[in-house]
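See structure below.
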Amino acid sequence: MTGQQPTASFAPESARDSAFLKACRREPVPHTPVWFMRQAGRSLPEYRKVREGIAMLDSCMRPELVTEITLQPVRRHNVDAAIYFSDIVVPLKAIGIDLDIKPGVGPVVERPIRSRADLERLRDLTPEDVSYVTEAVRMLVGELGSTPLIGFAGAPFTLASYLVEGGPSRNHEHTKALMYGDPQLWADLLDRLAEITAAFLKVQIEAGASAVQLFDSWVGALAPADYRRSVMPASAKVFEAVAGYGVPRIHFGVGTGELLGLMGEAGADVVGADWRVPLDEAARRVGPGKAIQGNIDPAVLFAPREAVETKAREVLDAAAGLEGHIFNLGHGVLPNTEPEALTRLVEYVHEQTAR
Ligand code: CP3
């Protein structure tokens with residue numbers, strides 16, 4: 001999509017003028033907006049309490065619980081956006097893939113997808129498959145008022161990596177074997193995942209999400225030429241499918257310094273960078289016309305307050321000349337992070353950037 005973002009068609013009007021959405025649109029902001037990937041979750045005692053005895057995937061299917069968990073970091077930290085509490089594998093579970101999220105491990109798939117016959121198990125996702133998402137997003141948007149809600153999904157490559165490996169993986173051996181060994185099957189797999197992902201994002205947007213983030217967490221494992229050939233067409237298909245809503249589209253992956261330009265080219269309005277590339281350099285790589293999100297190392301939050309502020313200052317200095325900066329970590333909040341360190345960081349960024 002080119003030019004000005006039109007009014008988001010389903011999100012509340014009151015969220016439109018938030019600092020977060022203004023920054024996504026590269027408009028002047030009253031302060032630099034802040035949110036944190038994985039801001040809900042194990043770093044918060046109130047999260048651990050409400051999740052007691054409830055499995056991760058079960059919790060994602062309970063709208064009232066999802067609403068409570070999503071609101072927890074907004075209440076506590078005064079962040080500028082909420083992110084819908086769910087997981088990237090929820091749409092796969094919803095179409096009947098036999099998977100679970102194992103505590104301390106991550107998503108595990110009983111029967112990995114590696115053959116043409118396996119591909120048939122990836123059927124279309126309909127809104128009825130995830131009616132609990134529609135319900136939760138509507139509830140949340142009502143509760144959040146002028147605070148925007150970010151919907152999200154896993155990008156085709158990262159979803160494929162879990163489906164093909166059967167679980168988390170360091171080297172993505174089976175995934176790359178399929179990508180290089182059977183390019184047609186790989187392309188068909190990613191195309192299927194793009195359709196499922198697009199349908200899942202549409203559900204969230206139509207229920208009122210103000211923005212969406214496509215997480216391609218593990219795509220940094222690829223070289224640019226392979227990304228362009230084997231991944232970009234599917235990610236571009238997802239972005240294209242939701243372009244008409246006029247809702248900002250954010251794209252993020254870890255270790256993607258060499259891919260930032262291509263990830264923007266895939267169709268994102270905002271590109272997220274991890275901490276390995278300074279933000280001004282990230283913006284140069286992404287090119288003009290896109291906002292930048294990031295990028296403090298999540299492990300920095302374990303250092304004393306002064307050190308966190310020094311690092312935050314570096315990020316703000318690097319962002320000083322940019323049009324459209326959304327302050328975030330360079331990856332998700334680590335589970336042992338002290339919540340107070342996050343609250344202080346939000347306060348610091350708001351204070352330092354108030355104009
Ligand atoms: O920020 C938020 O509030 C939204 C919550 C969120 C979760 N998963 C909840 C979750 C988001 C945005 C995700 C996305 C997700 N899930 C990604 C992309 C983001 C990233 O971190 O790169 C990925 C790769 C996954 C897959 C996944 N699910 C992993 C790697 C894990 C962690 C495994 C572990 O236990 O260490 C999960 C489980 C998961 N998803 C948890 C939460 C809060 C932990 C499970 C629990 O609390 O019981």
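So you can find residues: chains in the structure tokens are A, B, ... in the order shown, residues in each start at 1, and ligands are numbered from 1 in order.
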
What does the list of residues within 8 Å of ligand 1 look like if you count only C-alpha atoms and all ligand atoms, written as a PDB file with C-alpha atoms, in the first residue's frame?
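After the write, part_2.pdb holds the following:
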ATOM      1  CA  PHE A  36       7.182  -4.581  24.821  1.00  0.00           C
ATOM      2  CA  MET A  37       7.043  -7.821  22.916  1.00  0.00           C
ATOM      3  CA  ARG A  38       5.889 -10.467  25.410  1.00  0.00           C
ATOM      4  CA  GLN A  39       4.835  -7.744  27.842  1.00  0.00           C
ATOM      5  CA  ALA A  40       2.128 -10.068  29.157  1.00  0.00           C
ATOM      6  CA  GLY A  41       3.364 -13.312  30.596  1.00  0.00           C
ATOM      7  CA  ARG A  42       5.708 -14.826  33.068  1.00  0.00           C
ATOM      8  CA  ARG A  48       1.444 -16.413  37.009  1.00  0.00           C
ATOM      9  CA  ARG A  51      -2.551 -18.962  34.801  1.00  0.00           C
ATOM     10  CA  ALA A  55      -2.384 -24.969  30.182  1.00  0.00           C
ATOM     11  CA  MET A  56      -1.054 -22.280  27.844  1.00  0.00           C
ATOM     12  CA  ILE A  69      -3.883 -11.139  30.823  1.00  0.00           C
ATOM     13  CA  THR A  70      -3.682  -8.675  27.930  1.00  0.00           C
ATOM     14  CA  PRO A  73       0.852  -4.979  31.479  1.00  0.00           C
ATOM     15  CA  ALA A  82      -1.671  -3.737  24.267  1.00  0.00           C
ATOM     16  CA  ILE A  83      -0.743  -6.924  22.420  1.00  0.00           C
ATOM     17  CA  TYR A  84      -3.372  -9.602  22.169  1.00  0.00           C
ATOM     18  CA  PHE A  85      -2.488 -12.513  24.463  1.00  0.00           C
ATOM     19  CA  SER A  86      -2.200 -15.673  22.403  1.00  0.00           C
ATOM     20  CA  ASP A  87       0.528 -17.658  20.689  1.00  0.00           C
ATOM     21  CA  ILE A  88       1.681 -18.026  17.103  1.00  0.00           C
ATOM     22  CA  VAL A  89       0.569 -21.675  17.018  1.00  0.00           C
ATOM     23  CA  ILE A 101       2.953 -25.835  24.110  1.00  0.00           C
ATOM     24  CA  LYS A 102       5.268 -27.538  26.583  1.00  0.00           C
ATOM     25  CA  PRO A 103       6.303 -25.350  29.547  1.00  0.00           C
ATOM     26  CA  GLY A 104       9.921 -24.232  29.245  1.00  0.00           C
ATOM     27  CA  VAL A 105      10.174 -25.791  25.762  1.00  0.00           C
ATOM     28  CA  GLY A 106       7.684 -24.140  23.426  1.00  0.00           C
ATOM     29  CA  PRO A 107       5.408 -25.492  20.696  1.00  0.00           C
ATOM     30  CA  PHE A 152      -0.459 -10.701  15.702  1.00  0.00           C
ATOM     31  CA  ALA A 153       0.414 -13.901  13.908  1.00  0.00           C
ATOM     32  CA  GLY A 154       3.465 -16.001  13.190  1.00  0.00           C
ATOM     33  CA  THR A 158       8.547 -19.338  11.541  1.00  0.00           C
ATOM     34  CA  PRO A 168      11.834 -25.602  18.599  1.00  0.00           C
ATOM     35  CA  PHE A 215       6.433 -12.332  13.886  1.00  0.00           C
ATOM     36  CA  ASP A 216       9.069 -14.029  11.742  1.00  0.00           C
ATOM     37  CA  SER A 217      11.133 -14.747  14.821  1.00  0.00           C
ATOM     38  CA  TRP A 218      13.496 -17.345  13.340  1.00  0.00           C
ATOM     39  CA  GLY A 253      12.395 -11.121  13.360  1.00  0.00           C
ATOM     40  CA  VAL A 254      15.457 -11.875  15.481  1.00  0.00           C
ATOM     41  CA  HIS A 331      13.001  -9.357  21.363  1.00  0.00           C
ATOM     42  CA  GLY A 332      10.508 -10.481  23.988  1.00  0.00           C
ATOM     43  CA  VAL A 333      10.610  -9.721  27.722  1.00  0.00           C
ATOM     44  CA  PRO A 335      10.584 -14.379  32.066  1.00  0.00           C
TER      45      PRO A 335
END

| said: I want to know what sits within 9 Å of Tyr162 (chain A), based on only C-alpha atoms, with residues of the same chain fewer than 3 positions away left out; could you give that as a list in words? | reply: Val89, Pro107, Val108, Val109, Pro112, Phe157, Thr158, Leu159, Glu165, Gly166, Gly167, Pro168, Ser169, His172 and Thr175 of chain A

| field | Close residues, region 347-353 of chain A itself excluded, 9 Å, only C-alpha atoms, min 6 positions apart in chain, as a ChimeraX atom specification | value | /A:30-34,77-78,309,312-313,316,327

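Minimum distance to Leu140 (chain A) across A:Tyr227, A:Thr67, A:Leu329, A:Gly321 (counting only C-alpha atoms) occurs at A:Thr67.
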
Find the residues around region 126-134 of chain A up to 8 Å (only C-alpha atoms counted), leave out those fewer than 6 positions away in its own chain, and share them as a PDB file with N, CA and C atoms, in the first residue's frame.
ATOM      1  N   MET A  61      -7.865 -19.866  24.722  1.00  0.00           N
ATOM      2  CA  MET A  61      -9.225 -20.082  24.217  1.00  0.00           C
ATOM      3  C   MET A  61     -10.300 -19.559  25.167  1.00  0.00           C
ATOM      4  N   ARG A  62      -9.877 -18.876  26.245  1.00  0.00           N
ATOM      5  CA  ARG A  62     -10.836 -18.335  27.209  1.00  0.00           C
ATOM      6  C   ARG A  62     -10.842 -16.816  27.135  1.00  0.00           C
ATOM      7  N   PRO A  63     -11.831 -16.240  26.467  1.00  0.00           N
ATOM      8  CA  PRO A  63     -11.845 -14.792  26.215  1.00  0.00           C
ATOM      9  C   PRO A  63     -11.683 -13.919  27.466  1.00  0.00           C
ATOM     10  N   PRO A  91      -3.600 -20.527  15.603  1.00  0.00           N
ATOM     11  CA  PRO A  91      -4.377 -20.850  14.388  1.00  0.00           C
ATOM     12  C   PRO A  91      -4.111 -22.269  13.871  1.00  0.00           C
ATOM     13  N   ALA A  94      -6.131 -24.518  15.915  1.00  0.00           N
ATOM     14  CA  ALA A  94      -7.543 -24.325  15.579  1.00  0.00           C
ATOM     15  C   ALA A  94      -7.972 -25.090  14.325  1.00  0.00           C
ATOM     16  N   ILE A  95      -7.029 -25.402  13.430  1.00  0.00           N
ATOM     17  CA  ILE A  95      -7.403 -26.193  12.246  1.00  0.00           C
ATOM     18  C   ILE A  95      -7.070 -27.675  12.450  1.00  0.00           C
ATOM     19  N   ALA A 199      -5.957 -15.170   7.101  1.00  0.00           N
ATOM     20  CA  ALA A 199      -7.317 -15.341   7.637  1.00  0.00           C
ATOM     21  C   ALA A 199      -7.335 -15.034   9.133  1.00  0.00           C
ATOM     22  N   PHE A 200      -6.281 -15.449   9.838  1.00  0.00           N
ATOM     23  CA  PHE A 200      -6.209 -15.222  11.286  1.00  0.00           C
ATOM     24  C   PHE A 200      -6.056 -13.733  11.608  1.00  0.00           C
ATOM     25  N   VAL A 203      -9.397 -11.892  11.121  1.00  0.00           N
ATOM     26  CA  VAL A 203     -10.316 -12.072  12.254  1.00  0.00           C
ATOM     27  C   VAL A 203     -10.030 -11.013  13.314  1.00  0.00           C
ATOM     28  N   GLN A 204      -8.754 -10.807  13.626  1.00  0.00           N
ATOM     29  CA  GLN A 204      -8.382  -9.855  14.673  1.00  0.00           C
ATOM     30  C   GLN A 204      -8.679  -8.418  14.247  1.00  0.00           C
ATOM     31  N   ALA A 207     -12.395  -7.715  14.262  1.00  0.00           N
ATOM     32  CA  ALA A 207     -12.950  -7.608  15.618  1.00  0.00           C
ATOM     33  C   ALA A 207     -12.491  -6.317  16.302  1.00  0.00           C
TER      34      ALA A 207
END

| task | May I have all residues of region 165-297 of chain A that DSSP, computed from the backbone, assigns to strand (DSSP E), given as a PyMOL selection string? | result | chain A and resi 211-215+249-252+270-272+291-296

| query | What is the CA of Thr197 (chain A)-CA of Val79 (chain A) distance in Å, reported with one decimal? | reply |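 Pair CA of Thr197 (chain A) / CA of Val79 (chain A) returns 26.4 Å.
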
| request: Find the spatial neighbours of Ile326 (chain A), counting only C-alpha atoms, within a cut-off of 10 Å - ignore same-chain residues fewer than 6 positions away - and output them as a PyMOL selection string. | output: chain A and resi 19-24+26+31-36+80+270-272+291-295+319

Residue selection dump (N, CA and C atoms) as a compact mmCIF listing (two decimals), in the first residue's frame:
# COMPACT_ATOMS: atom_id res chain seq x y z
N ALA A 19 -0.44 7.92 20.43
CA ALA A 19 0.96 8.10 20.03
C ALA A 19 1.45 6.89 19.22
N PHE A 20 1.00 5.70 19.62
CA PHE A 20 1.45 4.49 18.93
C PHE A 20 1.05 4.50 17.45
N LEU A 21 -0.23 4.78 17.17
CA LEU A 21 -0.67 4.75 15.77
C LEU A 21 -0.10 5.91 14.98
N LYS A 22 0.08 7.05 15.66
CA LYS A 22 0.72 8.18 14.97
C LYS A 22 2.13 7.81 14.55
N ALA A 23 2.87 7.19 15.45
CA ALA A 23 4.25 6.80 15.12
C ALA A 23 4.26 5.78 13.98
N CYS A 24 3.32 4.84 13.99
CA CYS A 24 3.22 3.86 12.89
C CYS A 24 3.01 4.58 11.56
N ARG A 26 4.04 7.55 10.95
CA ARG A 26 5.14 8.52 10.83
C ARG A 26 4.65 9.96 10.95
N HIS A 31 4.89 11.99 22.52
CA HIS A 31 6.04 11.31 23.14
C HIS A 31 6.28 10.04 22.34
N THR A 32 7.48 9.49 22.44
CA THR A 32 7.75 8.23 21.73
C THR A 32 6.94 7.11 22.39
N PRO A 33 6.10 6.42 21.62
CA PRO A 33 5.31 5.35 22.21
C PRO A 33 6.18 4.13 22.54
N VAL A 34 5.77 3.41 23.58
CA VAL A 34 6.50 2.24 24.06
C VAL A 34 5.55 1.07 24.23
N TRP A 35 5.93 -0.09 23.76
CA TRP A 35 5.31 -1.34 24.22
C TRP A 35 6.42 -2.39 24.18
N PHE A 36 6.16 -3.54 24.77
CA PHE A 36 7.18 -4.58 24.82
C PHE A 36 6.64 -5.88 24.26
N ASP A 80 2.01 2.06 25.69
CA ASP A 80 1.17 2.78 24.74
C ASP A 80 0.33 1.88 23.86
N VAL A 270 5.87 -0.90 9.27
CA VAL A 270 6.79 -0.71 10.39
C VAL A 270 7.69 -1.95 10.43
N VAL A 271 9.02 -1.72 10.55
CA VAL A 271 9.93 -2.87 10.64
C VAL A 271 10.58 -2.85 12.02
N GLY A 272 10.54 -3.98 12.69
CA GLY A 272 11.17 -4.12 14.00
C GLY A 272 12.59 -4.63 13.85
N ALA A 291 8.17 3.17 9.31
CA ALA A 291 8.54 3.44 10.70
C ALA A 291 9.42 2.29 11.21
N ILE A 292 10.14 2.56 12.33
CA ILE A 292 11.06 1.57 12.89
C ILE A 292 10.67 1.29 14.34
N GLN A 293 10.77 0.03 14.73
CA GLN A 293 10.43 -0.37 16.10
C GLN A 293 11.63 -1.06 16.75
N GLY A 294 11.92 -0.68 17.98
CA GLY A 294 12.99 -1.36 18.70
C GLY A 294 13.69 -0.42 19.66
N ASN A 295 14.87 -0.82 20.16
CA ASN A 295 15.49 -2.10 20.00
C ASN A 295 16.48 -2.38 21.13
N ALA A 319 17.47 7.14 17.29
CA ALA A 319 16.15 7.33 16.65
C ALA A 319 15.84 8.81 16.42
